[in-house]
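The structure file model.pdb is reproduced below (PDB, C-alpha atoms).
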ATOM      1  CA  MET A   3     -84.948  81.218 206.417  1.00  0.00           C
ATOM      2  CA  GLY A   4     -83.780  83.320 203.458  1.00  0.00           C
ATOM      3  CA  GLN A   5     -80.544  85.287 203.373  1.00  0.00           C
ATOM      4  CA  GLU A   6     -82.383  88.638 203.472  1.00  0.00           C
ATOM      5  CA  GLU A   7     -84.374  87.593 206.548  1.00  0.00           C
ATOM      6  CA  GLN A   8     -81.197  86.445 208.298  1.00  0.00           C
ATOM      7  CA  VAL A   9     -79.627  89.870 207.671  1.00  0.00           C
ATOM      8  CA  GLU A  10     -82.740  91.586 209.010  1.00  0.00           C
ATOM      9  CA  GLN A  11     -82.665  89.531 212.205  1.00  0.00           C
ATOM     10  CA  SER A  12     -78.980  90.317 212.642  1.00  0.00           C
ATOM     11  CA  ARG A  13     -79.854  94.026 212.629  1.00  0.00           C
ATOM     12  CA  MET A  14     -82.585  93.862 215.239  1.00  0.00           C
ATOM     13  CA  THR A  15     -84.059  91.289 217.580  1.00  0.00           C
ATOM     14  CA  VAL A  16     -87.209  91.623 219.684  1.00  0.00           C
ATOM     15  CA  THR A  17     -87.632  89.405 222.760  1.00  0.00           C
ATOM     16  CA  GLU A  18     -90.407  89.275 225.341  1.00  0.00           C
ATOM     17  CA  LEU A  19     -89.095  90.550 228.658  1.00  0.00           C
ATOM     18  CA  HIS A  20     -89.864  87.384 230.606  1.00  0.00           C
ATOM     19  CA  GLU A  21     -88.004  85.300 228.020  1.00  0.00           C
ATOM     20  CA  PHE A  22     -85.080  87.749 228.096  1.00  0.00           C
ATOM     21  CA  LEU A  23     -84.891  87.374 231.894  1.00  0.00           C
ATOM     22  CA  ARG A  24     -85.233  83.607 231.722  1.00  0.00           C
ATOM     23  CA  ARG A  25     -82.572  83.186 229.053  1.00  0.00           C
ATOM     24  CA  PRO A  26     -80.398  86.324 228.975  1.00  0.00           C
ATOM     25  CA  PRO A  27     -78.142  86.746 225.939  1.00  0.00           C
ATOM     26  CA  SER A  28     -74.408  86.289 226.036  1.00  0.00           C
ATOM     27  CA  GLY A  29     -72.719  88.896 228.227  1.00  0.00           C
ATOM     28  CA  PHE A  30     -75.814  89.447 230.400  1.00  0.00           C
ATOM     29  CA  SER A  31     -76.655  88.218 233.885  1.00  0.00           C
ATOM     30  CA  VAL A  32     -79.896  88.376 235.853  1.00  0.00           C
ATOM     31  CA  GLU A  33     -80.028  88.619 239.652  1.00  0.00           C
ATOM     32  CA  SER A  34     -83.326  88.412 241.527  1.00  0.00           C
ATOM     33  CA  ASN A  35     -84.197  89.403 245.073  1.00  0.00           C
ATOM     34  CA  PRO A  36     -87.525  89.957 246.875  1.00  0.00           C
ATOM     35  CA  LEU A  37     -87.672  93.596 245.772  1.00  0.00           C
ATOM     36  CA  CYS A  38     -86.434  93.640 242.193  1.00  0.00           C
ATOM     37  CA  THR A  39     -84.677  91.884 239.353  1.00  0.00           C
ATOM     38  CA  VAL A  40     -81.351  93.390 238.288  1.00  0.00           C
ATOM     39  CA  VAL A  41     -80.108  92.944 234.733  1.00  0.00           C
ATOM     40  CA  ARG A  42     -76.405  93.482 234.111  1.00  0.00           C
ATOM     41  CA  GLY A  43     -74.894  93.752 230.654  1.00  0.00           C
ATOM     42  CA  ASP A  44     -71.422  93.932 229.193  1.00  0.00           C
ATOM     43  CA  PRO A  45     -70.568  97.670 229.087  1.00  0.00           C
ATOM     44  CA  ASP A  46     -67.888  97.100 226.443  1.00  0.00           C
ATOM     45  CA  ASN A  47     -70.380  95.704 223.935  1.00  0.00           C
ATOM     46  CA  SER A  48     -73.818  96.817 225.114  1.00  0.00           C
ATOM     47  CA  LEU A  49     -75.492 100.221 225.393  1.00  0.00           C
ATOM     48  CA  LEU A  50     -78.482 100.077 227.748  1.00  0.00           C
ATOM     49  CA  LEU A  51     -81.190 102.687 227.108  1.00  0.00           C
ATOM     50  CA  ALA A  52     -83.933 101.225 229.294  1.00  0.00           C
ATOM     51  CA  ASP A  53     -85.862 102.731 232.191  1.00  0.00           C
ATOM     52  CA  PRO A  54     -86.868 100.567 235.207  1.00  0.00           C
ATOM     53  CA  CYS A  55     -90.257  98.897 234.932  1.00  0.00           C
ATOM     54  CA  ASP A  56     -92.762  97.120 237.180  1.00  0.00           C
ATOM     55  CA  THR A  57     -93.787  93.521 236.629  1.00  0.00           C
ATOM     56  CA  SER A  58     -97.175  91.823 236.932  1.00  0.00           C
ATOM     57  CA  ALA A  59     -95.816  89.906 239.934  1.00  0.00           C
ATOM     58  CA  GLY A  60     -95.403  93.133 241.881  1.00  0.00           C
ATOM     59  CA  GLY A  61     -91.643  93.508 241.617  1.00  0.00           C
ATOM     60  CA  SER A  62     -89.551  95.637 239.306  1.00  0.00           C
ATOM     61  CA  VAL A  63     -86.830  95.177 236.713  1.00  0.00           C
ATOM     62  CA  VAL A  64     -83.766  97.407 236.785  1.00  0.00           C
ATOM     63  CA  PHE A  65     -81.108  97.534 234.066  1.00  0.00           C
ATOM     64  CA  HIS A  66     -77.864  98.202 235.922  1.00  0.00           C
ATOM     65  CA  GLY A  67     -75.779 100.908 234.295  1.00  0.00           C
ATOM     66  CA  SER A  68     -78.564 101.958 231.938  1.00  0.00           C
ATOM     67  CA  LEU A  69     -78.517 105.548 230.712  1.00  0.00           C
ATOM     68  CA  GLY A  70     -82.318 105.519 230.415  1.00  0.00           C
ATOM     69  CA  ARG A  71     -84.406 106.645 227.453  1.00  0.00           C
ATOM     70  CA  CYS A  72     -83.257 110.260 227.838  1.00  0.00           C
ATOM     71  CA  VAL A  73     -79.522 110.893 227.615  1.00  0.00           C
ATOM     72  CA  LYS A  74     -78.173 114.359 228.400  1.00  0.00           C
ATOM     73  CA  VAL A  75     -74.732 115.521 227.309  1.00  0.00           C
ATOM     74  CA  ARG A  76     -73.123 118.914 227.927  1.00  0.00           C
ATOM     75  CA  ASN A  77     -70.103 119.077 225.681  1.00  0.00           C
ATOM     76  CA  LEU A  78     -68.622 117.761 222.463  1.00  0.00           C
ATOM     77  CA  TRP A  79     -66.577 115.097 224.240  1.00  0.00           C
ATOM     78  CA  GLN A  80     -69.657 113.566 225.898  1.00  0.00           C
ATOM     79  CA  TYR A  81     -71.596 113.779 222.635  1.00  0.00           C
ATOM     80  CA  SER A  82     -68.816 112.088 220.653  1.00  0.00           C
ATOM     81  CA  ASP A  83     -68.508 109.321 223.236  1.00  0.00           C
ATOM     82  CA  PHE A  84     -72.255 108.607 223.163  1.00  0.00           C
ATOM     83  CA  ARG A  85     -72.336 108.729 219.363  1.00  0.00           C
ATOM     84  CA  ARG A  86     -69.473 106.227 219.133  1.00  0.00           C
ATOM     85  CA  SER A  87     -71.367 103.900 221.458  1.00  0.00           C
ATOM     86  CA  LEU A  88     -74.516 104.150 219.334  1.00  0.00           C
ATOM     87  CA  VAL A  89     -72.745 103.016 216.170  1.00  0.00           C
ATOM     88  CA  SER A  90     -70.413 100.414 217.667  1.00  0.00           C
ATOM     89  CA  LYS A  91     -72.390  98.576 220.362  1.00  0.00           C
ATOM     90  CA  ASN A  92     -75.602  96.598 220.655  1.00  0.00           C
ATOM     91  CA  ILE A  93     -78.336  99.016 221.755  1.00  0.00           C
ATOM     92  CA  PHE A  94     -80.874  97.554 224.193  1.00  0.00           C
ATOM     93  CA  MET A  95     -84.226  99.267 224.751  1.00  0.00           C
ATOM     94  CA  LEU A  96     -87.309  98.302 226.748  1.00  0.00           C
ATOM     95  CA  VAL A  97     -90.552  98.908 224.838  1.00  0.00           C
ATOM     96  CA  THR A  98     -94.226  98.189 225.448  1.00  0.00           C
ATOM     97  CA  MET A  99     -96.722  96.623 223.051  1.00  0.00           C
ATOM     98  CA  ARG A 100    -100.488  96.600 223.379  1.00  0.00           C
ATOM     99  CA  THR A 101    -103.414  95.969 221.051  1.00  0.00           C
ATOM    100  CA  PRO A 102    -106.765  97.774 220.655  1.00  0.00           C
ATOM    101  CA  GLU A 103    -108.531  94.551 221.654  1.00  0.00           C
ATOM    102  CA  SER A 104    -106.826  94.496 225.057  1.00  0.00           C
ATOM    103  CA  ALA A 105    -105.591  98.020 225.685  1.00  0.00           C
ATOM    104  CA  GLU A 106    -105.343  97.392 229.437  1.00  0.00           C
ATOM    105  CA  PHE A 107    -103.055  94.408 228.887  1.00  0.00           C
ATOM    106  CA  ALA A 108     -99.565  95.288 227.735  1.00  0.00           C
ATOM    107  CA  LYS A 109     -96.468  93.213 227.051  1.00  0.00           C
ATOM    108  CA  ARG A 110     -92.923  94.426 227.423  1.00  0.00           C
ATOM    109  CA  TYR A 111     -90.194  93.553 224.967  1.00  0.00           C
ATOM    110  CA  VAL A 112     -86.457  94.038 224.894  1.00  0.00           C
ATOM    111  CA  VAL A 113     -85.254  95.383 221.548  1.00  0.00           C
ATOM    112  CA  CYS A 114     -81.650  94.831 220.558  1.00  0.00           C
ATOM    113  CA  LEU A 115     -80.426  97.028 217.730  1.00  0.00           C
ATOM    114  CA  ARG A 116     -77.014  96.238 216.248  1.00  0.00           C
ATOM    115  CA  GLY A 117     -75.432  99.665 216.110  1.00  0.00           C
ATOM    116  CA  ALA A 118     -72.392  98.417 214.186  1.00  0.00           C
ATOM    117  CA  ASP A 119     -74.510  97.017 211.351  1.00  0.00           C
ATOM    118  CA  PRO A 120     -73.701  99.151 208.259  1.00  0.00           C
ATOM    119  CA  MET A 121     -77.322 100.100 207.567  1.00  0.00           C
ATOM    120  CA  VAL A 122     -78.125 100.866 211.218  1.00  0.00           C
ATOM    121  CA  ARG A 123     -74.917 102.864 211.571  1.00  0.00           C
ATOM    122  CA  TRP A 124     -75.646 104.855 208.416  1.00  0.00           C
ATOM    123  CA  HIS A 125     -79.185 105.725 209.528  1.00  0.00           C
ATOM    124  CA  ILE A 126     -78.068 106.869 212.977  1.00  0.00           C
ATOM    125  CA  GLU A 127     -75.157 108.935 211.705  1.00  0.00           C
ATOM    126  CA  ALA A 128     -77.243 110.516 208.942  1.00  0.00           C
ATOM    127  CA  GLY A 129     -80.018 111.418 211.395  1.00  0.00           C
ATOM    128  CA  LEU A 130     -77.619 112.945 213.909  1.00  0.00           C
ATOM    129  CA  ASP A 131     -75.761 114.871 211.197  1.00  0.00           C
ATOM    130  CA  TRP A 132     -79.056 116.211 209.880  1.00  0.00           C
ATOM    131  CA  THR A 133     -80.042 117.321 213.381  1.00  0.00           C
ATOM    132  CA  ILE A 134     -76.831 119.277 213.897  1.00  0.00           C
ATOM    133  CA  SER A 135     -77.116 120.966 210.510  1.00  0.00           C
ATOM    134  CA  SER A 136     -80.796 121.883 210.979  1.00  0.00           C
ATOM    135  CA  VAL A 137     -80.681 123.714 214.333  1.00  0.00           C
ATOM    136  CA  ALA A 138     -79.653 127.321 214.721  1.00  0.00           C
ATOM    137  CA  GLY A 139     -78.251 127.301 218.270  1.00  0.00           C
ATOM    138  CA  GLU A 140     -75.860 125.104 220.203  1.00  0.00           C
ATOM    139  CA  SER A 141     -78.372 123.194 222.363  1.00  0.00           C
ATOM    140  CA  TYR A 142     -80.946 120.794 220.963  1.00  0.00           C
ATOM    141  CA  ASN A 143     -83.052 117.691 221.633  1.00  0.00           C
ATOM    142  CA  VAL A 144     -83.291 114.864 219.114  1.00  0.00           C
ATOM    143  CA  GLU A 145     -85.616 111.879 219.465  1.00  0.00           C
ATOM    144  CA  VAL A 146     -84.727 108.655 217.639  1.00  0.00           C
ATOM    145  CA  ASP A 147     -87.951 106.736 216.978  1.00  0.00           C
ATOM    146  CA  LEU A 148     -88.131 102.986 216.205  1.00  0.00           C
ATOM    147  CA  THR A 149     -91.928 102.759 216.043  1.00  0.00           C
ATOM    148  CA  ASP A 150     -92.158 102.175 212.285  1.00  0.00           C
ATOM    149  CA  THR A 151     -89.444  99.513 212.375  1.00  0.00           C
ATOM    150  CA  LEU A 152     -91.283  97.686 215.167  1.00  0.00           C
ATOM    151  CA  ARG A 153     -94.552  97.874 213.226  1.00  0.00           C
ATOM    152  CA  THR A 154     -92.838  96.236 210.291  1.00  0.00           C
ATOM    153  CA  TRP A 155     -91.402  93.582 212.593  1.00  0.00           C
ATOM    154  CA  ALA A 156     -94.876  92.919 214.068  1.00  0.00           C
ATOM    155  CA  ASP A 157     -96.406  92.584 210.594  1.00  0.00           C
ATOM    156  CA  ARG A 158     -93.821  89.904 209.851  1.00  0.00           C
ATOM    157  CA  ASN A 159     -93.907  88.090 213.184  1.00  0.00           C
ATOM    158  CA  MET A 160     -97.371  88.748 214.664  1.00  0.00           C
ATOM    159  CA  ALA A 161     -99.711  88.249 211.742  1.00  0.00           C
ATOM    160  CA  GLY A 162    -103.201  89.542 212.481  1.00  0.00           C
ATOM    161  CA  THR A 163    -102.114  91.543 215.532  1.00  0.00           C
ATOM    162  CA  ARG A 164    -102.739  95.287 215.499  1.00  0.00           C
ATOM    163  CA  ALA A 165     -99.795  96.186 217.664  1.00  0.00           C
ATOM    164  CA  GLU A 166     -99.340  99.620 219.204  1.00  0.00           C
ATOM    165  CA  TRP A 167     -95.806 100.347 220.377  1.00  0.00           C
ATOM    166  CA  LEU A 168     -95.070 102.642 223.311  1.00  0.00           C
ATOM    167  CA  ASP A 169     -91.759 104.013 224.598  1.00  0.00           C
ATOM    168  CA  ALA A 170     -90.135 102.925 221.320  1.00  0.00           C
ATOM    169  CA  SER A 171     -87.685 105.807 221.184  1.00  0.00           C
ATOM    170  CA  PHE A 172     -84.797 107.431 222.984  1.00  0.00           C
ATOM    171  CA  THR A 173     -83.839 111.097 223.216  1.00  0.00           C
ATOM    172  CA  LEU A 174     -80.450 112.776 223.108  1.00  0.00           C
ATOM    173  CA  LYS A 175     -80.312 116.173 224.787  1.00  0.00           C
ATOM    174  CA  TYR A 176     -77.288 118.283 223.920  1.00  0.00           C
ATOM    175  CA  HIS A 177     -77.507 121.150 226.402  1.00  0.00           C
ATOM    176  CA  THR A 178     -74.721 123.676 226.724  1.00  0.00           C
ATOM    177  CA  ASP A 179     -74.533 126.505 229.255  1.00  0.00           C
ATOM    178  CA  ALA A 180     -75.027 129.180 226.611  1.00  0.00           C
ATOM    179  CA  LEU A 181     -77.295 131.843 228.112  1.00  0.00           C
ATOM    180  CA  PHE A 182     -78.333 133.377 224.808  1.00  0.00           C
ATOM    181  CA  ASP A 183     -79.296 130.217 222.920  1.00  0.00           C
ATOM    182  CA  LEU A 184     -82.723 131.670 222.101  1.00  0.00           C
ATOM    183  CA  SER A 185     -83.596 128.982 219.571  1.00  0.00           C
ATOM    184  CA  HIS A 186     -83.332 126.350 222.294  1.00  0.00           C
ATOM    185  CA  TRP A 187     -85.104 128.324 225.019  1.00  0.00           C
ATOM    186  CA  LEU A 188     -87.994 129.125 222.658  1.00  0.00           C
ATOM    187  CA  GLY A 189     -88.423 125.438 221.808  1.00  0.00           C
ATOM    188  CA  PHE A 190     -87.217 125.646 218.198  1.00  0.00           C
ATOM    189  CA  SER A 191     -84.360 123.146 218.582  1.00  0.00           C
ATOM    190  CA  LYS A 192     -86.363 119.947 218.957  1.00  0.00           C
ATOM    191  CA  ARG A 193     -85.905 117.334 216.267  1.00  0.00           C
ATOM    192  CA  LYS A 194     -87.106 113.801 215.635  1.00  0.00           C
ATOM    193  CA  PHE A 195     -86.153 111.220 213.066  1.00  0.00           C
ATOM    194  CA  LYS A 196     -87.598 107.797 212.447  1.00  0.00           C
ATOM    195  CA  LEU A 197     -85.121 104.958 212.299  1.00  0.00           C
ATOM    196  CA  ARG A 198     -86.667 102.892 209.524  1.00  0.00           C
ATOM    197  CA  LEU A 199     -84.990  99.630 208.694  1.00  0.00           C
ATOM    198  CA  TYR A 200     -87.432  98.610 206.015  1.00  0.00           C
ATOM    199  CA  TRP A 201     -87.458  95.027 204.851  1.00  0.00           C
ATOM    200  CA  GLY A 202     -87.408  95.298 201.091  1.00  0.00           C
ATOM    201  CA  GLY A 203     -88.495  98.931 201.222  1.00  0.00           C
ATOM    202  CA  SER A 204     -86.999 102.387 200.966  1.00  0.00           C
ATOM    203  CA  PRO A 205     -84.521 103.476 203.649  1.00  0.00           C
ATOM    204  CA  LEU A 206     -86.216 106.812 204.234  1.00  0.00           C
ATOM    205  CA  LEU A 207     -86.025 108.416 207.642  1.00  0.00           C
ATOM    206  CA  ALA A 208     -86.955 111.703 209.292  1.00  0.00           C
ATOM    207  CA  GLU A 209     -90.560 111.827 208.125  1.00  0.00           C
ATOM    208  CA  LYS A 210     -91.686 115.443 207.624  1.00  0.00           C
ATOM    209  CA  CYS A 211     -88.135 116.512 208.396  1.00  0.00           C
ATOM    210  CA  ASP A 212     -85.588 115.874 205.711  1.00  0.00           C
ATOM    211  CA  TRP A 213     -84.984 113.421 202.928  1.00  0.00           C
ATOM    212  CA  MET A 214     -81.958 111.176 203.157  1.00  0.00           C
ATOM    213  CA  PRO A 215     -80.799 109.070 200.198  1.00  0.00           C
ATOM    214  CA  PRO A 216     -79.682 105.459 200.420  1.00  0.00           C
ATOM    215  CA  PRO A 217     -76.022 104.882 201.318  1.00  0.00           C
ATOM    216  CA  GLY A 218     -73.642 105.557 198.454  1.00  0.00           C
ATOM    217  CA  LYS A 219     -75.811 108.177 196.740  1.00  0.00           C
ATOM    218  CA  PRO A 220     -75.350 111.972 196.919  1.00  0.00           C
ATOM    219  CA  ARG A 221     -77.207 113.659 199.713  1.00  0.00           C
ATOM    220  CA  GLY A 222     -79.832 116.205 198.834  1.00  0.00           C
ATOM    221  CA  ARG A 223     -83.378 117.282 199.449  1.00  0.00           C
ATOM    222  CA  LYS A 224     -86.341 115.408 198.186  1.00  0.00           C
ATOM    223  CA  PRO A 225     -87.740 117.323 195.203  1.00  0.00           C
ATOM    224  CA  ASN A 226     -90.414 119.885 196.125  1.00  0.00           C
ATOM    225  CA  ASP A 227     -90.105 119.076 199.808  1.00  0.00           C
ATOM    226  CA  ASP A 228     -88.823 121.818 202.098  1.00  0.00           C
ATOM    227  CA  LEU A 229     -86.893 121.026 205.228  1.00  0.00           C
ATOM    228  CA  LYS A 230     -89.194 120.954 208.230  1.00  0.00           C
ATOM    229  CA  ALA A 231     -88.700 120.538 211.959  1.00  0.00           C
ATOM    230  CA  CYS A 232     -90.703 117.803 213.634  1.00  0.00           C
TER     231      CYS A 232
END

Output the structure of this file as structure tokens.
Amino acid sequence: MGQEEQVEQSRMTVTELHEFLRRPPSGFSVESNPLCTVVRGDPDNSLLLADPCDTSAGGSVVFHGSLGRCVKVRNLWQYSDFRRSLVSKNIFMLVTMRTPESAEFAKRYVVCLRGADPMVRWHIEAGLDWTISSVAGESYNVEVDLTDTLRTWADRNMAGTRAEWLDASFTLKYHTDALFDLSHWLGFSKRKFKLRLYWGGSPLLAEKCDWMPPPGKPRGRKPNDDLKAC
């Protein structure tokens, strides 16, 4: 395994759900009962953004303490706390993969994203900063999408598989009690940026939204490309 590939794997790992439950990572425990399987993580080091899911055996899997794929905050303190968690902890998400050949058969995977990794941290902070600077009102929704990163991972690790990824994102909703936040109420404060951790490629994110330069270079717009809302 080359040094570059080792760095890539340190940024993100993808594990089939059944393997994750059979051999949970350090800091996790799995408890099973007739009704469901409960996964518990270390809240000091892990940020769980996974919704409950059903299994083929008829039970369900619940991630204890998970915030779910949609996180709502109401003030700057809650926002700052969630943002710090994103860029300092390991982010765990539950995603679904299926192929055109067997659309009715889907596999679930647990994605672990290392929020403290310098590249991951930079992408998240840049995307959130862009969101704040691009909305007119106080309230907004921003979706962070990992689909492209998972496609790249599948190309590397599932050769010949045309993988389609579902639920590969999470949404932050910053909703204040402002009654006259017309931009939000009219639906103009929705944003989306793609978290692209390209292997050997360009670290672009926010497709059709804004252009963000690699770390260490001045920020600016991509030439001849106006800022757009997704």

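Comparing the minimum interatomic distances between A:Glu127 and each of A:Asn159, A:Val97, A:Arg71, A:Leu197, counting all atoms listed in the file, we find that A:Leu197 sits nearest.
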
- Compare A:Phe30, A:Phe65, A:Tyr111, A:Tyr81 by their minimum atom-to-atom distance to A:Tyr142, counting only C-alpha atoms, and give me the closest one.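 Using only C-alpha atoms, A:Tyr142 sits closest to A:Tyr81.
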
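Here atom CA of A:Glu21 stands at a distance of 28.9 Å from atom CA of A:Leu174.
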
- Message: Ranking A:Arg86, A:Arg158, A:Arg123, A:Lys192 by minimum distance to A:Gly139 and counting only C-alpha atoms, which one comes first?
- Response: A:Lys192

- Using all atoms listed in the file, which of A:Leu23, A:Val32, A:Leu148, A:Ala52 sits nearest A:His125?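 Nearest to A:His125: A:Leu148.
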
- Task: Tell me which residues the PyMOL selection byres ((chain A and resi 31) around 7) grabs here, as number ranges by chain.
- Result: A: 26, 29-30, 32-33, 41-43
